$ cat my_file-v8.csv   # CSV, N, CA and C atoms and all ligand atoms
chain,number,residue,atom,x,y,z
A,1,MET,N,-15.4,5.7,12.9
A,1,MET,CA,-15.6,4.3,12.5
A,1,MET,C,-14.3,3.8,11.9
A,2,SER,N,-13.9,2.7,12.3
A,2,SER,CA,-12.7,2.1,11.8
A,2,SER,C,-13.0,1.0,10.8
A,3,SER,N,-12.0,0.8,9.9
A,3,SER,CA,-12.2,-0.2,8.8
A,3,SER,C,-12.1,-1.6,9.4
A,4,ARG,N,-12.5,-2.5,8.6
A,4,ARG,CA,-12.5,-3.9,9.1
A,4,ARG,C,-11.1,-4.4,9.3
A,5,ASN,N,-10.1,-3.8,8.7
A,5,ASN,CA,-8.7,-4.3,8.9
A,5,ASN,C,-8.0,-3.4,9.9
A,6,GLY,N,-8.7,-2.5,10.5
A,6,GLY,CA,-8.0,-1.7,11.5
A,6,GLY,C,-7.2,-0.6,11.0
A,7,ARG,N,-7.3,-0.2,9.8
A,7,ARG,CA,-6.5,0.9,9.2
A,7,ARG,C,-7.1,2.2,9.6
A,8,SER,N,-6.3,3.1,10.0
A,8,SER,CA,-6.8,4.4,10.5
A,8,SER,C,-7.0,5.3,9.3
A,9,ARG,N,-7.7,6.5,9.6
A,9,ARG,CA,-8.0,7.5,8.5
A,9,ARG,C,-6.7,8.0,8.0
A,10,ARG,N,-5.8,8.2,8.9
A,10,ARG,CA,-4.5,8.8,8.5
A,10,ARG,C,-3.8,7.8,7.5
A,11,GLU,N,-3.8,6.6,7.8
A,11,GLU,CA,-3.2,5.6,6.9
A,11,GLU,C,-3.8,5.6,5.5
A,12,ARG,N,-5.1,5.7,5.5
A,12,ARG,CA,-5.8,5.8,4.2
A,12,ARG,C,-5.4,7.0,3.4
A,13,LEU,N,-5.3,8.2,4.1
A,13,LEU,CA,-4.9,9.4,3.5
A,13,LEU,C,-3.5,9.3,2.9
A,14,ASN,N,-2.6,8.7,3.7
A,14,ASN,CA,-1.2,8.5,3.3
A,14,ASN,C,-1.2,7.7,2.0
A,15,ALA,N,-2.0,6.6,2.0
A,15,ALA,CA,-2.0,5.8,0.8
A,15,ALA,C,-2.6,6.5,-0.4
A,16,ASP,N,-3.6,7.3,-0.2
A,16,ASP,CA,-4.2,8.1,-1.3
A,16,ASP,C,-3.2,9.1,-1.8
A,17,ASN,N,-2.5,9.7,-0.9
A,17,ASN,CA,-1.6,10.7,-1.4
A,17,ASN,C,-0.4,10.1,-2.2
A,18,LEU,N,0.0,9.0,-1.7
A,18,LEU,CA,1.1,8.3,-2.5
A,18,LEU,C,0.6,7.8,-3.9
A,19,LYS,N,-0.6,7.4,-3.9
A,19,LYS,CA,-1.2,6.9,-5.2
A,19,LYS,C,-1.3,8.1,-6.2
A,20,ALA,N,-1.7,9.3,-5.6
A,20,ALA,CA,-1.8,10.4,-6.5
A,20,ALA,C,-0.5,10.9,-7.1
A,21,GLN,N,0.6,10.6,-6.5
A,21,GLN,CA,1.9,10.9,-7.0
A,21,GLN,C,2.3,10.1,-8.2
A,22,ARG,N,1.7,8.9,-8.3
A,22,ARG,CA,1.9,8.0,-9.5
A,22,ARG,C,3.4,7.7,-9.7
A,23,GLN,N,4.0,7.4,-8.6
A,23,GLN,CA,5.5,7.1,-8.7
A,23,GLN,C,5.7,5.7,-9.4
A,24,GLN,N,6.8,5.6,-10.0
A,24,GLN,CA,7.2,4.4,-10.7
A,24,GLN,C,8.6,4.1,-10.3
A,25,PRO,N,9.1,2.9,-10.4
A,25,PRO,CA,8.3,1.7,-10.6
A,25,PRO,C,7.9,1.0,-9.3
A,26,CYS,N,7.4,-0.2,-9.3
A,26,CYS,CA,7.2,-1.0,-8.1
A,26,CYS,C,8.4,-1.1,-7.3
A,27,ALA,N,8.4,-0.8,-6.0
A,27,ALA,CA,9.5,-0.9,-5.2
A,27,ALA,C,10.0,-2.3,-4.9
A,28,ARG,N,9.2,-3.3,-5.2
A,28,ARG,CA,9.6,-4.7,-5.0
A,28,ARG,C,10.2,-5.4,-6.2
A,29,CYS,N,9.5,-5.2,-7.4
A,29,CYS,CA,10.0,-5.9,-8.6
A,29,CYS,C,10.6,-5.0,-9.6
A,30,GLY,N,10.4,-3.7,-9.5
A,30,GLY,CA,11.0,-2.8,-10.5
A,30,GLY,C,10.2,-2.7,-11.7
A,31,GLN,N,9.1,-3.3,-11.8
A,31,GLN,CA,8.2,-3.2,-13.0
A,31,GLN,C,7.2,-2.0,-12.9
A,32,ARG,N,6.7,-1.6,-14.0
A,32,ARG,CA,5.8,-0.5,-14.0
A,32,ARG,C,4.5,-0.8,-13.3
A,33,ILE,N,4.0,0.1,-12.6
A,33,ILE,CA,2.7,0.0,-11.9
A,33,ILE,C,1.6,0.6,-12.8
A,34,ASP,N,0.5,-0.1,-12.9
A,34,ASP,CA,-0.6,0.3,-13.8
A,34,ASP,C,-1.6,1.1,-12.9
A,35,TYR,N,-1.5,2.4,-12.9
A,35,TYR,CA,-2.4,3.2,-12.1
A,35,TYR,C,-3.8,3.3,-12.6
A,36,GLU,N,-4.0,2.8,-13.8
A,36,GLU,CA,-5.4,2.8,-14.3
A,36,GLU,C,-6.1,1.5,-14.1
A,37,ALA,N,-5.4,0.5,-13.6
A,37,ALA,CA,-5.9,-0.8,-13.4
A,37,ALA,C,-7.0,-0.8,-12.3
A,38,ALA,N,-7.9,-1.7,-12.4
A,38,ALA,CA,-8.9,-1.9,-11.3
A,38,ALA,C,-8.2,-2.2,-10.0
A,39,PRO,N,-8.8,-1.9,-8.9
A,39,PRO,CA,-8.2,-2.1,-7.6
A,39,PRO,C,-7.9,-3.5,-7.3
A,40,ASP,N,-8.6,-4.5,-7.9
A,40,ASP,CA,-8.3,-5.9,-7.7
A,40,ASP,C,-7.3,-6.5,-8.7
A,41,ASP,N,-6.8,-5.6,-9.6
A,41,ASP,CA,-5.9,-6.1,-10.6
A,41,ASP,C,-4.5,-6.3,-10.0
A,42,PRO,N,-3.8,-7.4,-10.3
A,42,PRO,CA,-2.5,-7.7,-9.7
A,42,PRO,C,-1.5,-6.6,-10.0
A,43,ASN,N,-1.7,-5.9,-11.1
A,43,ASN,CA,-0.7,-4.9,-11.4
A,43,ASN,C,-1.1,-3.5,-10.9
A,44,ALA,N,-2.2,-3.4,-10.2
A,44,ALA,CA,-2.6,-2.1,-9.7
A,44,ALA,C,-1.7,-1.6,-8.5
A,45,PHE,N,-1.9,-0.4,-8.2
A,45,PHE,CA,-1.1,0.3,-7.1
A,45,PHE,C,-1.5,-0.3,-5.8
A,46,ASN,N,-0.5,-0.4,-4.9
A,46,ASN,CA,-0.7,-0.7,-3.5
A,46,ASN,C,0.3,0.2,-2.7
A,47,ALA,N,-0.1,0.6,-1.6
A,47,ALA,CA,0.9,1.4,-0.7
A,47,ALA,C,1.6,0.3,0.2
A,48,GLY,N,2.8,0.1,-0.1
A,48,GLY,CA,3.6,-0.8,0.8
A,48,GLY,C,4.4,-0.1,1.8
A,49,HIS,N,4.7,-0.8,2.9
A,49,HIS,CA,5.6,-0.3,3.9
A,49,HIS,C,7.0,-0.7,3.8
A,50,LYS,N,7.9,0.3,3.8
A,50,LYS,CA,9.3,0.0,3.7
A,50,LYS,C,9.7,-0.9,4.9
A,51,ASP,N,9.4,-0.4,6.1
A,51,ASP,CA,9.6,-1.2,7.3
A,51,ASP,C,8.2,-1.7,7.8
A,52,SER,N,8.1,-3.0,8.0
A,52,SER,CA,6.9,-3.6,8.4
A,52,SER,C,6.3,-2.9,9.7
A,53,TRP,N,5.0,-2.6,9.6
A,53,TRP,CA,4.4,-1.9,10.8
A,53,TRP,C,4.1,-2.9,11.9
A,54,ILE,N,4.2,-4.2,11.5
A,54,ILE,CA,4.1,-5.2,12.6
A,54,ILE,C,5.4,-5.1,13.5
A,55,ASP,N,6.5,-4.9,12.9
A,55,ASP,CA,7.8,-4.8,13.6
A,55,ASP,C,8.0,-3.4,14.1
A,56,HIS,N,7.5,-2.4,13.3
A,56,HIS,CA,7.7,-1.0,13.6
A,56,HIS,C,6.4,-0.3,13.7
A,57,PRO,N,5.6,-0.5,14.7
A,57,PRO,CA,4.2,0.0,14.8
A,57,PRO,C,4.2,1.6,14.8
A,58,HIS,N,5.3,2.2,15.2
A,58,HIS,CA,5.3,3.7,15.2
A,58,HIS,C,5.4,4.2,13.8
A,59,LEU,N,5.8,3.4,12.8
A,59,LEU,CA,6.0,3.8,11.5
A,59,LEU,C,4.7,3.6,10.6
A,60,ARG,N,3.7,3.0,11.2
A,60,ARG,CA,2.5,2.6,10.5
A,60,ARG,C,1.8,3.8,9.8
A,61,GLU,N,1.8,4.9,10.5
A,61,GLU,CA,1.2,6.1,9.9
A,61,GLU,C,2.2,7.1,9.4
A,62,ASP,N,3.4,6.7,9.2
A,62,ASP,CA,4.4,7.6,8.7
A,62,ASP,C,4.4,7.6,7.2
A,63,PRO,N,4.1,8.7,6.5
A,63,PRO,CA,4.0,8.7,5.1
A,63,PRO,C,5.4,8.3,4.5
A,64,GLY,N,6.4,8.7,5.2
A,64,GLY,CA,7.8,8.4,4.7
A,64,GLY,C,8.1,6.9,4.7
A,65,ASN,N,7.3,6.1,5.3
A,65,ASN,CA,7.6,4.7,5.3
A,65,ASN,C,6.8,4.0,4.2
A,66,LEU,N,6.1,4.7,3.4
A,66,LEU,CA,5.3,4.1,2.3
A,66,LEU,C,6.1,4.1,1.0
A,67,ARG,N,5.8,3.2,0.2
A,67,ARG,CA,6.4,3.2,-1.2
A,67,ARG,C,5.4,2.5,-2.1
A,68,PRO,N,5.5,2.8,-3.4
A,68,PRO,CA,4.5,2.2,-4.3
A,68,PRO,C,4.9,0.8,-4.6
A,69,GLU,N,3.9,-0.1,-4.7
A,69,GLU,CA,4.1,-1.5,-5.0
A,69,GLU,C,2.9,-2.0,-5.8
A,70,HIS,N,3.1,-3.1,-6.5
A,70,HIS,CA,2.0,-3.8,-7.2
A,70,HIS,C,1.2,-4.4,-6.1
A,71,GLN,N,-0.1,-4.6,-6.4
A,71,GLN,CA,-0.9,-5.3,-5.5
A,71,GLN,C,-0.4,-6.7,-5.3
A,72,ARG,N,0.0,-7.4,-6.4
A,72,ARG,CA,0.5,-8.8,-6.3
A,72,ARG,C,1.8,-8.8,-5.5
A,73,CYS,N,2.7,-7.8,-5.6
A,73,CYS,CA,3.9,-7.9,-4.9
A,73,CYS,C,3.7,-7.6,-3.4
A,74,ASN,N,2.8,-6.7,-3.1
A,74,ASN,CA,2.5,-6.4,-1.7
A,74,ASN,C,1.8,-7.6,-1.1
A,75,LYS,N,0.9,-8.3,-1.8
A,75,LYS,CA,0.3,-9.4,-1.3
A,75,LYS,C,1.2,-10.6,-1.0
A,76,SER,N,2.1,-10.8,-2.0
A,76,SER,CA,3.0,-11.9,-1.9
A,76,SER,C,4.0,-11.7,-0.7
A,77,ALA,N,4.2,-10.5,-0.3
A,77,ALA,CA,5.1,-10.2,0.8
A,77,ALA,C,4.5,-10.6,2.1
A,78,GLY,N,3.2,-10.8,2.2
A,78,GLY,CA,2.5,-11.3,3.4
A,78,GLY,C,2.2,-10.2,4.4
A,79,ALA,N,1.7,-10.6,5.5
A,79,ALA,CA,1.1,-9.7,6.5
A,79,ALA,C,2.2,-8.7,7.0
A,80,SER,N,3.5,-9.2,7.1
A,80,SER,CA,4.5,-8.4,7.7
A,80,SER,C,4.8,-7.2,6.8
A,81,ALA,N,4.3,-7.1,5.6
A,81,ALA,CA,4.6,-5.9,4.8
A,81,ALA,C,3.4,-5.0,4.7
A,82,GLY,N,2.4,-5.3,5.5
A,82,GLY,CA,1.3,-4.3,5.6
A,82,GLY,C,0.1,-4.6,4.7
A,83,THR,N,-0.4,-5.8,4.7
A,83,THR,CA,-1.5,-6.1,3.9
A,83,THR,C,-2.7,-5.3,4.2
A,84,GLY,N,-2.8,-4.7,5.4
A,84,GLY,CA,-3.9,-3.9,5.8
A,84,GLY,C,-4.1,-2.7,4.8
A,85,LEU,N,-3.0,-2.1,4.4
A,85,LEU,CA,-3.1,-1.1,3.4
A,85,LEU,C,-3.4,-1.6,2.1
A,86,GLY,N,-2.9,-2.8,1.8
A,86,GLY,CA,-3.0,-3.4,0.5
A,86,GLY,C,-4.5,-3.5,0.0
A,87,SER,N,-5.4,-3.7,1.0
A,87,SER,CA,-6.7,-3.9,0.6
A,87,SER,C,-7.6,-2.7,0.5
A,88,THR,N,-6.9,-1.5,0.8
A,88,THR,CA,-7.7,-0.3,0.9
A,88,THR,C,-8.4,0.1,-0.4
A,89,SER,N,-7.6,0.0,-1.5
A,89,SER,CA,-8.2,0.5,-2.8
A,89,SER,C,-9.5,-0.2,-3.2
A,90,ARG,N,-9.7,-1.4,-2.6
A,90,ARG,CA,-10.9,-2.1,-3.0
A,90,ARG,C,-12.2,-1.3,-2.4
A,91,GLN,N,-12.0,-0.5,-1.4
A,91,GLN,CA,-13.2,0.1,-0.8
A,91,GLN,C,-13.5,1.4,-1.5
A,92,TRP,N,-12.8,1.9,-2.5
A,92,TRP,CA,-13.0,3.2,-3.0
A,92,TRP,C,-14.3,3.2,-3.9
A,101,ZN,ZN,5.9,-5.3,-8.3

$ encode --input "my_file-v8.csv" --output "structure tokens" --more "lines below"
Ligand SMILES: [Zn+2]
Amino acid sequence: MSSRNGRSRRERLNADNLKAQRQQPCARCGQRIDYEAAPDDPNAFNAGHKDSWIDHPHLREDPGNLRPEHQRCNKSAGASAGTGLGSTSRQW
């Protein structure tokens, strides 16, 4: 069964693993990420893609292409930065 945004099981695992590492800070703004925040909190963790999987589809499931970002930073980056992963935490 695939998710509504087309994210694979591997992508979800990659995001979960990255979150578990609790890396700091946000790769986009340099501010601290609140790992205790609710999934819909703008300061909550999101798994962002260093290289857009839109432009680099082969990197979409590469854990090495992920980095910690705020939900708000990931969202403001738009679809090219992988909003598919950005919405994952909401489903936990
Ligand atoms: Zn940020």

$ atom_distance --input "my_file-v8.csv" --atom1 "atom N of A:Asp16" --atom2 "atom N of A:Ala37"
15.1 Å

$ residues_near_ligand --input "my_file-v8.csv" --ligand "ligand ZN 101 (chain A)" --cutoff "5 Å" --atoms "only N, CA and C atoms and all ligand atoms" --output "NGL selection string"
:A and (26 or 28-30 or 70 or 73)

$ closest_residue --input "my_file-v8.csv" --among "A:Ser76, A:Trp53, A:Tyr35, A:Ala47" --to "A:Asn14" --atoms "all atoms listed in the file"
A:Ala47

$ closest_residue --input "my_file-v8.csv" --among "A:Asn65, A:Gln71, A:Gln31, A:Gln24" --to "A:Asn46" --atoms "all atoms listed in the file"
A:Gln71

$ select_by_dssp --input "my_file-v8.csv" --residues "stretch 5-75 of chain A" --states "strand (DSSP E)" --output "list in words"
Phe45, Asn46, Ala47, Gly48, His49, Leu66, Arg67, Pro68, Glu69 and His70 of chain A

$ select_by_dssp --input "my_file-v8.csv" --residues "stretch 15-80 of chain A" --states "alpha helix (DSSP H)" --output "MDAnalysis selection string"
chainID A and resid 15:21 71:77

$ atom_distance --input "my_file-v8.csv" --atom1 "atom N of A:Asp40" --atom2 "atom C of A:Ile54"
25.6 Å
